file run-v1.txt (compact mmCIF, C-alpha atoms and all ligand atoms)
# COMPACT_ATOMS: atom_id res chain seq x y z
CA MET O 1 132.00 130.50 134.53
CA SER O 2 131.31 134.03 135.66
CA ASP O 3 128.62 134.45 138.31
CA THR O 4 127.64 137.74 136.69
CA THR O 5 125.82 135.90 133.90
CA PRO O 6 122.56 137.76 133.24
CA ASP O 7 119.38 135.95 132.37
CA PRO O 8 119.11 135.43 128.62
CA SER O 9 116.71 137.82 126.88
CA PRO O 10 113.12 136.52 126.50
CA GLU O 11 113.78 136.05 122.78
CA HIS O 12 116.87 133.99 123.53
CA LYS O 13 115.01 131.92 126.09
CA GLN O 14 112.55 130.87 123.42
CA GLU O 15 115.30 129.94 120.99
CA GLN O 16 117.16 127.69 123.39
CA GLU O 17 115.94 124.20 123.97
CA GLN O 18 115.20 123.52 127.62
CA ASP O 19 116.36 120.49 129.51
CA PRO O 20 112.99 119.01 130.58
CA VAL O 21 114.40 117.74 133.88
CA GLN O 22 116.61 120.66 134.93
CA ARG O 23 114.43 123.34 133.25
CA ARG O 24 117.33 125.40 132.00
CA PRO O 25 118.86 125.92 128.54
CA ILE O 26 120.83 122.98 127.21
CA LYS O 27 124.51 123.92 127.04
CA SER O 28 127.03 122.71 124.46
CA PHE O 29 129.62 122.12 127.21
CA VAL O 30 130.09 120.79 130.68
CA VAL O 31 132.61 122.78 132.71
CA ARG O 32 135.18 120.24 133.84
CA ALA O 33 137.32 120.71 136.92
CA GLY O 34 140.74 120.87 135.26
CA ARG O 35 144.04 121.44 137.00
CA MET O 36 145.86 124.56 135.91
CA GLY O 37 149.62 124.19 135.37
CA SER O 38 151.84 126.73 137.12
CA GLY O 39 152.66 128.40 133.77
CA GLN O 40 148.96 128.76 133.05
CA VAL O 41 148.28 130.25 136.50
CA LYS O 42 151.11 132.74 135.99
CA ALA O 43 149.89 133.65 132.50
CA LEU O 44 146.36 134.18 133.83
CA ALA O 45 147.56 136.48 136.63
CA GLU O 46 149.94 138.50 134.47
CA LEU O 47 148.21 138.61 131.10
CA GLY O 48 144.58 138.00 132.06
CA PRO O 49 143.86 141.66 132.83
CA LYS O 50 144.91 142.71 129.32
CA PHE O 51 143.70 139.82 127.16
CA VAL O 52 140.71 138.32 129.01
CA LEU O 53 137.66 140.55 128.64
CA PRO O 54 134.85 140.55 131.20
CA PHE O 55 131.49 139.31 129.99
CA LYS O 56 128.97 142.17 130.12
CA ALA O 57 125.50 142.47 128.67
CA GLU O 58 126.61 145.32 126.39
CA ARG O 59 128.02 145.69 122.86
CA LEU O 60 131.73 145.26 122.38
CA ASN O 61 133.57 147.74 120.18
CA PRO O 62 136.41 145.70 118.65
CA ALA O 63 138.15 148.78 117.20
CA GLU O 64 138.40 150.19 120.71
CA VAL O 65 139.50 146.89 122.26
CA PHE O 66 142.21 146.17 119.67
CA GLY O 67 143.16 149.80 119.07
CA ARG O 68 142.67 149.49 115.31
CA LYS O 69 140.04 148.78 112.68
CA ALA O 70 140.65 145.31 111.25
CA PRO O 71 138.66 142.24 110.20
CA VAL O 72 137.32 140.34 113.21
CA VAL O 73 137.07 136.55 113.53
CA PHE O 74 135.10 134.99 116.39
CA GLU O 75 136.11 131.53 117.64
CA ILE O 76 133.92 129.22 119.70
CA GLY O 77 135.71 126.71 121.97
CA PHE O 78 139.43 127.23 121.30
CA GLY O 79 140.44 124.40 123.66
CA MET O 80 144.13 124.85 124.52
CA GLY O 81 144.44 127.60 121.90
CA ASP O 82 147.22 126.06 119.76
CA ALA O 83 145.40 126.61 116.48
CA THR O 84 144.10 130.03 117.56
CA ALA O 85 147.60 131.30 118.32
CA LYS O 86 149.09 129.92 115.10
CA ILE O 87 146.31 131.41 112.99
CA ALA O 88 146.55 134.78 114.76
CA GLN O 89 150.28 134.83 114.10
CA THR O 90 149.79 133.97 110.42
CA LEU O 91 146.90 136.39 109.91
CA ALA O 92 148.44 139.31 111.75
CA ASP O 93 146.11 141.83 110.09
CA THR O 94 143.02 140.14 111.53
CA ASP O 95 141.75 140.40 115.12
CA PHE O 96 140.51 137.29 116.94
CA ILE O 97 137.93 137.02 119.70
CA GLY O 98 138.07 133.56 121.27
CA CYS O 99 135.59 132.03 123.73
CA GLU O 100 136.39 129.08 125.94
CA VAL O 101 134.79 128.01 129.21
CA HIS O 102 137.62 125.70 130.32
CA ALA O 103 140.03 127.69 132.54
CA PRO O 104 143.22 125.70 131.76
CA GLY O 105 142.60 126.39 128.07
CA VAL O 106 142.42 130.12 128.76
CA GLY O 107 145.73 129.91 130.65
CA ALA O 108 147.28 127.91 127.81
CA LEU O 109 146.22 130.42 125.14
CA LEU O 110 147.60 133.27 127.27
CA LYS O 111 150.94 131.44 127.35
CA HIS O 112 150.91 131.17 123.55
CA ILE O 113 150.06 134.88 123.30
CA ASP O 114 153.04 135.69 125.49
CA GLU O 115 155.48 133.35 123.75
CA ARG O 116 154.50 134.60 120.30
CA GLY O 117 154.13 138.26 121.27
CA LEU O 118 150.59 138.44 119.87
CA ASN O 119 148.37 141.46 120.26
CA ASN O 120 145.49 140.44 117.99
CA ILE O 121 143.66 138.03 120.31
CA ARG O 122 141.16 138.73 123.10
CA ILE O 123 139.46 136.07 125.19
CA PHE O 124 136.13 135.53 126.89
CA GLN O 125 136.04 132.77 129.50
CA HIS O 126 132.33 132.45 129.04
CA ASP O 127 129.63 130.66 127.04
CA ALA O 128 130.12 131.83 123.44
CA VAL O 129 126.36 131.67 122.86
CA ASP O 130 125.84 134.45 125.43
CA VAL O 131 128.83 136.48 124.24
CA LEU O 132 127.50 136.39 120.72
CA GLU O 133 123.97 137.32 121.68
CA GLN O 134 124.82 140.08 124.13
CA MET O 135 128.11 141.54 122.96
CA ILE O 136 128.60 141.06 119.22
CA ALA O 137 126.89 143.48 116.84
CA PRO O 138 124.78 142.16 113.93
CA ASP O 139 126.54 141.90 110.53
CA SER O 140 129.91 142.59 112.15
CA LEU O 141 132.05 139.43 112.00
CA ASP O 142 134.31 138.67 109.05
CA GLY O 143 134.57 135.04 110.06
CA VAL O 144 133.62 132.43 112.66
CA HIS O 145 135.79 129.42 113.55
CA ILE O 146 134.37 126.34 115.25
CA PHE O 147 137.08 123.69 115.24
CA PHE O 148 136.34 120.23 116.62
CA PRO O 149 133.29 121.20 118.65
CA ASP O 150 132.38 118.57 121.26
CA PRO O 151 130.84 115.76 119.18
CA TRP O 152 128.50 114.52 121.93
CA HIS O 153 128.65 110.99 120.47
CA LYS O 154 125.80 109.39 122.39
CA VAL O 155 122.41 109.82 120.77
CA ARG O 156 120.87 111.04 124.02
CA HIS O 157 123.56 113.77 124.14
CA ASN O 158 123.24 114.85 120.49
CA LYS O 159 120.95 117.68 121.63
CA ARG O 160 124.03 119.36 123.16
CA ARG O 161 125.76 119.75 119.81
CA LEU O 162 126.48 123.36 118.98
CA ILE O 163 125.71 123.12 115.27
CA GLN O 164 121.92 123.00 115.24
CA ALA O 165 119.48 125.08 113.21
CA PRO O 166 118.28 127.54 115.93
CA PHE O 167 121.82 128.43 117.01
CA VAL O 168 123.10 128.70 113.43
CA ALA O 169 120.23 131.06 112.58
CA GLN O 170 121.28 133.23 115.53
CA LEU O 171 125.01 132.99 114.71
CA VAL O 172 124.73 133.85 111.05
CA LYS O 173 123.08 137.20 111.78
CA HIS O 174 126.33 138.34 113.40
CA ILE O 175 128.39 137.55 110.29
CA ARG O 176 128.66 140.34 107.74
CA PRO O 177 127.40 139.56 104.20
CA GLY O 178 130.35 137.86 102.47
CA GLY O 179 131.86 136.72 105.79
CA TYR O 180 132.43 133.02 106.45
CA LEU O 181 131.65 130.23 108.90
CA HIS O 182 134.31 127.52 109.10
CA CYS O 183 133.66 124.33 111.08
CA ALA O 184 135.86 121.24 111.32
CA THR O 185 135.24 117.88 112.93
CA ASP O 186 136.69 114.38 113.05
CA TRP O 187 133.31 112.75 113.77
CA GLU O 188 131.62 111.84 110.51
CA PRO O 189 128.00 111.91 111.72
CA TYR O 190 128.59 115.41 113.07
CA ALA O 191 130.26 116.43 109.78
CA GLN O 192 127.10 115.31 107.97
CA GLN O 193 124.95 117.22 110.47
CA MET O 194 127.05 120.34 109.84
CA LEU O 195 126.53 120.05 106.08
CA GLU O 196 122.79 119.53 106.51
CA VAL O 197 122.20 122.28 109.07
CA LEU O 198 124.35 124.91 107.34
CA GLY O 199 122.99 123.85 103.94
CA ALA O 200 119.44 124.46 105.16
CA GLU O 201 120.17 127.94 106.53
CA PRO O 202 118.86 130.41 103.92
CA LEU O 203 121.46 133.08 104.75
CA LEU O 204 124.39 130.73 104.07
CA GLU O 205 125.87 129.24 100.91
CA ASN O 206 128.47 126.50 100.69
CA THR O 207 131.88 127.51 99.32
CA ALA O 208 132.38 123.94 98.06
CA GLU O 209 130.28 121.17 96.51
CA ALA O 210 130.09 119.49 99.92
CA PHE O 211 133.11 119.31 102.26
CA ALA O 212 135.84 121.90 101.74
CA GLN O 213 139.59 121.58 101.34
CA THR O 214 141.20 122.54 104.64
CA PRO O 215 141.87 126.28 104.24
CA ALA O 216 145.58 127.12 104.36
CA TYR O 217 145.23 129.14 107.59
CA ARG O 218 143.98 126.18 109.70
CA PRO O 219 146.98 124.29 111.10
CA LEU O 220 146.77 120.62 112.00
CA THR O 221 146.64 120.16 115.77
CA LYS O 222 148.60 117.42 117.58
CA PHE O 223 145.36 115.61 118.25
CA GLU O 224 144.39 115.79 114.59
CA ASN O 225 147.78 114.56 113.42
CA ARG O 226 147.48 111.58 115.72
CA GLY O 227 144.00 110.82 114.33
CA ILE O 228 145.18 111.09 110.74
CA LYS O 229 148.02 108.62 111.45
CA LEU O 230 145.40 106.21 112.82
CA GLY O 231 143.45 106.57 109.58
CA HIS O 232 140.66 108.76 111.01
CA GLY O 233 139.07 111.37 108.79
CA VAL O 234 138.73 115.13 109.30
CA TRP O 235 136.07 117.20 107.58
CA ASP O 236 136.11 120.96 107.00
CA VAL O 237 132.88 122.78 106.21
CA VAL O 238 133.12 126.38 104.98
CA PHE O 239 130.01 128.43 104.24
CA ARG O 240 129.68 132.08 103.31
CA ARG O 241 126.96 134.49 104.37
CA ARG O 242 124.89 135.63 101.40
C1 LIG O 301 136.56 119.19 121.67
S1 LIG O 301 137.15 120.74 122.22
C2 LIG O 301 138.04 121.35 120.81
C3 LIG O 301 138.99 122.44 121.16
C4 LIG O 301 139.75 123.10 120.02
N1 LIG O 301 138.88 123.86 119.13
C5 LIG O 301 140.57 122.11 119.22
O1 LIG O 301 140.37 122.02 118.02
O2 LIG O 301 141.42 121.43 119.82
C6 LIG O 301 135.71 121.76 122.27
C7 LIG O 301 135.87 122.95 123.20
O3 LIG O 301 134.77 123.81 123.07
C8 LIG O 301 134.48 124.38 124.34
N2 LIG O 301 133.08 124.84 124.27
C9 LIG O 301 131.99 124.09 123.99
N3 LIG O 301 130.89 124.84 123.96
C10 LIG O 301 131.28 126.13 124.24
C11 LIG O 301 130.59 127.36 124.35
N4 LIG O 301 129.26 127.42 124.18
N5 LIG O 301 131.29 128.46 124.65
C12 LIG O 301 132.64 128.40 124.82
N6 LIG O 301 133.36 127.25 124.73
C13 LIG O 301 132.68 126.13 124.44
C14 LIG O 301 134.73 123.25 125.32
O4 LIG O 301 135.00 123.71 126.61
C15 LIG O 301 135.95 122.56 124.67
O5 LIG O 301 137.15 123.05 125.20
call {"tool": "encode", "arguments": {"input": "run-v1.txt", "output": "structure tokens"}}
result
Amino acid sequence: MSDTTPDPSPEHKQEQEQDPVQRRPIKSFVVRAGRMGSGQVKALAELGPKFVLPFKAERLNPAEVFGRKAPVVFEIGFGMGDATAKIAQTLADTDFIGCEVHAPGVGALLKHIDERGLNNIRIFQHDAVDVLEQMIAPDSLDGVHIFFPDPWHKVRHNKRRLIQAPFVAQLVKHIRPGGYLHCATDWEPYAQQMLEVLGAEPLLENTAEAFAQTPAYRPLTKFENRGIKLGHGVWDVVFRRR
């Protein structure tokens, strides 16, 4: 995580739940010490300067960053970036801004970018909640992807889940009217929470009766394939901003 992180705005401070013991905002992630492979280190050194954007407390101009005016999709927690790269290759006319705090994941996505010759992805190695609040203009995103967010299984950790009403209310303001929010999870209680929280947000409407068919652009990840073979379920939730 960058050490240039500014204090959240007073408004943001109020919105974020505080950890009563540590007295700081509860985060949806824990930064793990992960080993970077040599390919990831190389990708970071060579491609990082072009594709990894510095977090700054100022508005991003996607048209300037990507050198064109195109629909913009924001992704929270791309993991190792497999799905991100495949989707960006399929939807070549869309630009993707991906946030991930785990350094090996950033290196892995840079490798995919290189191997596939992609130019429509930019990365923030930073808390997506801050990037959204500080850098993304209101009503500007065509879509938001949140695929397999950390499920925080234990009840005492549920408060770390990303999909909660205060964050969704903040997130949805950055989506343009008609733009979409697509979440997927393999943890049924979290899938139910997604339906409830998004269903209760007045600015969102469900595109399906309840859970959605997996949209054609979302590829199955290795992890998901393995789960499906073991008989585990996967739930997609797709809402649209009114
Ligand atoms: C369970 S993984 C799923 C990764 C990927 N989307 C996939 O489908 O394989 C969730 C990821 O979200 C990242 N993450 C969680 N909260 C985040 C946040 N606020 N900002 C950026 N990344 C976050 C974590 O570091 C983790 O890599």
call {"tool": "atom_distance", "arguments": {"input": "run-v1.txt", "atom1": "atom CA of Arg122 of chain O", "atom2": "atom CA of Gly37 of chain O"}}
result
20.8 Å
call {"tool": "axis_aligned_box", "arguments": {"input": "run-v1.txt", "around": "ligand LIG 301 (chain O)", "padding_each_side": "6 Å", "output": "AutoDock Vina command-line options"}}
result
--center_x 135.3 --center_y 123.8 --center_z 122.3 --size_x 24.2 --size_y 21.3 --size_z 20.6
call {"tool": "closest_atom_pairs", "arguments": {"input": "run-v1.txt", "of": "chain O", "to": "ligand LIG 301 (chain O)", "cutoff": "8 Å", "atoms": "all atoms listed in the file", "output": "Markdown table"}}
result
| residue | atom | partner | partner_atom | distance |
| --- | --- | --- | --- | --- |
| O:Lys27 | CA | O:LIG301 | N4 | 6.6 |
| O:Ser28 | CA | O:LIG301 | N3 | 4.4 |
| O:Phe29 | CA | O:LIG301 | N3 | 4.4 |
| O:Val30 | CA | O:LIG301 | O4 | 7.0 |
| O:Val31 | CA | O:LIG301 | O4 | 6.6 |
| O:Ile76 | CA | O:LIG301 | C12 | 5.3 |
| O:Gly77 | CA | O:LIG301 | O3 | 3.2 |
| O:Phe78 | CA | O:LIG301 | N1 | 4.0 |
| O:Gly79 | CA | O:LIG301 | C3 | 3.5 |
| O:Met80 | CA | O:LIG301 | O2 | 6.4 |
| O:Gly81 | CA | O:LIG301 | C4 | 6.8 |
| O:Asp82 | CA | O:LIG301 | O2 | 7.4 |
| O:Ala83 | CA | O:LIG301 | O1 | 7.0 |
| O:Cys99 | CA | O:LIG301 | C12 | 4.8 |
| O:Glu100 | CA | O:LIG301 | N6 | 3.7 |
| O:Val101 | CA | O:LIG301 | N6 | 4.8 |
| O:His102 | CA | O:LIG301 | O4 | 5.0 |
| O:Gly105 | CA | O:LIG301 | O5 | 7.0 |
| O:Gln125 | CA | O:LIG301 | C12 | 7.2 |
| O:His126 | CA | O:LIG301 | C12 | 5.9 |
| O:Asp127 | CA | O:LIG301 | N5 | 3.6 |
| O:Ala128 | CA | O:LIG301 | N5 | 3.8 |
| O:Val129 | CA | O:LIG301 | N4 | 5.3 |
| O:Asp130 | CA | O:LIG301 | N4 | 7.9 |
| O:Ile146 | CA | O:LIG301 | N1 | 6.4 |
| O:Phe147 | CA | O:LIG301 | N1 | 4.3 |
| O:Phe148 | CA | O:LIG301 | O1 | 4.6 |
| O:Pro149 | CA | O:LIG301 | C6 | 4.4 |
| O:Asp150 | CA | O:LIG301 | C1 | 4.2 |
| O:Pro151 | CA | O:LIG301 | C1 | 7.1 |
| O:Leu162 | CA | O:LIG301 | N3 | 6.8 |
| O:Thr221 | CA | O:LIG301 | O2 | 6.7 |
| O:Phe223 | CA | O:LIG301 | O2 | 7.2 |
call {"tool": "atom_distance", "arguments": {"input": "run-v1.txt", "atom1": "atom CA of Phe167 of chain O", "atom2": "atom CA of Trp187 of chain O"}}
result
19.7 Å
call {"tool": "closest_residue", "arguments": {"input": "run-v1.txt", "among": "O:Glu58, O:Glu75, O:Asp236, O:Glu224", "to": "Ala212 of chain O", "atoms": "all atoms listed in the file"}}
result
O:Asp236
call {"tool": "atom_distance", "arguments": {"input": "run-v1.txt", "atom1": "atom CA of Leu141 of chain O", "atom2": "atom CA of Arg59 of chain O"}}
result
13.2 Å
call {"tool": "closest_residue", "arguments": {"input": "run-v1.txt", "among": "O:Pro202, O:Ile26, O:Val234, O:Arg240", "to": "Asn158 of chain O", "atoms": "all atoms listed in the file"}}
result
O:Ile26
call {"tool": "residues_around", "arguments": {"input": "run-v1.txt", "residues": "Pro54 of chain O", "least_positions_apart": "2", "cutoff": "10 Å", "atoms": "all atoms listed in the file", "output": "list in words"}}
result
Ser2, Thr4, Pro49, Phe51, Val52, Lys56, Ala57, Ile123, Phe124, Gln125 and His126 of chain O
call {"tool": "closest_residue", "arguments": {"input": "run-v1.txt", "among": "O:Asp186, O:Asp95, O:Glu201, O:Glu64", "to": "Gly231 of chain O", "atoms": "all atoms listed in the file"}}
result
O:Asp186
call {"tool": "closest_residue", "arguments": {"input": "run-v1.txt", "among": "O:Val73, O:Leu110, O:Ile121, O:Val131", "to": "Leu181 of chain O", "atoms": "only C-alpha atoms"}}
result
O:Val73
call {"tool": "closest_residue", "arguments": {"input": "run-v1.txt", "among": "O:Val237, O:Glu205, O:Glu196, O:Ile113", "to": "Glu46 of chain O", "atoms": "only C-alpha atoms"}}
result
O:Ile113
call {"tool": "closest_residue", "arguments": {"input": "run-v1.txt", "among": "O:Ala137, O:Leu47, O:Cys183, O:Leu53", "to": "Ile97 of chain O", "atoms": "all atoms listed in the file"}}
result
O:Leu53
call {"tool": "residues_around", "arguments": {"input": "run-v1.txt", "residues": "Ser38 of chain O", "least_positions_apart": "5", "cutoff": "12 Å", "atoms": "all atoms listed in the file", "output": "NGL selection string"}}
result
:O and (43-45 or 104 or 107-108 or 111)
call {"tool": "residues_around", "arguments": {"input": "run-v1.txt", "residues": "Ile175 of chain O", "least_positions_apart": "2", "cutoff": "7 Å", "atoms": "only C-alpha atoms", "output": "list of chain:residue names"}}
result
O:Pro138, O:Asp139, O:Ser140, O:Leu141, O:Asp142, O:Gly143, O:Val172, O:Lys173, O:Pro177, O:Gly179, O:Arg241
call {"tool": "closest_atom_pairs", "arguments": {"input": "run-v1.txt", "of": "segment 87-172 of chain O", "to": "segment 190-193 of chain O", "cutoff": "9 Å", "atoms": "all atoms listed in the file", "output": "tab-separated table"}}
result
residue	atom	partner	partner_atom	distance
O:Pro151	CA	O:Tyr190	CA	6.5
O:Trp152	CA	O:Tyr190	CA	8.9
O:His153	CA	O:Tyr190	CA	8.6
O:Arg161	CA	O:Tyr190	CA	8.5
O:Ile163	CA	O:Gln193	CA	7.6
O:Gln164	CA	O:Gln193	CA	8.1
call {"tool": "residues_around", "arguments": {"input": "run-v1.txt", "residues": "Ala70 of chain O", "least_positions_apart": "2", "cutoff": "7 Å", "atoms": "all atoms listed in the file", "output": "mmCIF file with C-alpha atoms, in the coordinates of the input"}}
result
data_model
loop_
_atom_site.group_PDB
_atom_site.id
_atom_site.type_symbol
_atom_site.label_atom_id
_atom_site.label_comp_id
_atom_site.auth_asym_id
_atom_site.auth_seq_id
_atom_site.Cartn_x
_atom_site.Cartn_y
_atom_site.Cartn_z
ATOM 1 C CA ARG O 68 142.670 149.490 115.310
ATOM 2 C CA VAL O 72 137.320 140.340 113.210
ATOM 3 C CA ASP O 93 146.110 141.830 110.090
ATOM 4 C CA THR O 94 143.020 140.140 111.530
ATOM 5 C CA ASP O 95 141.750 140.400 115.120
#
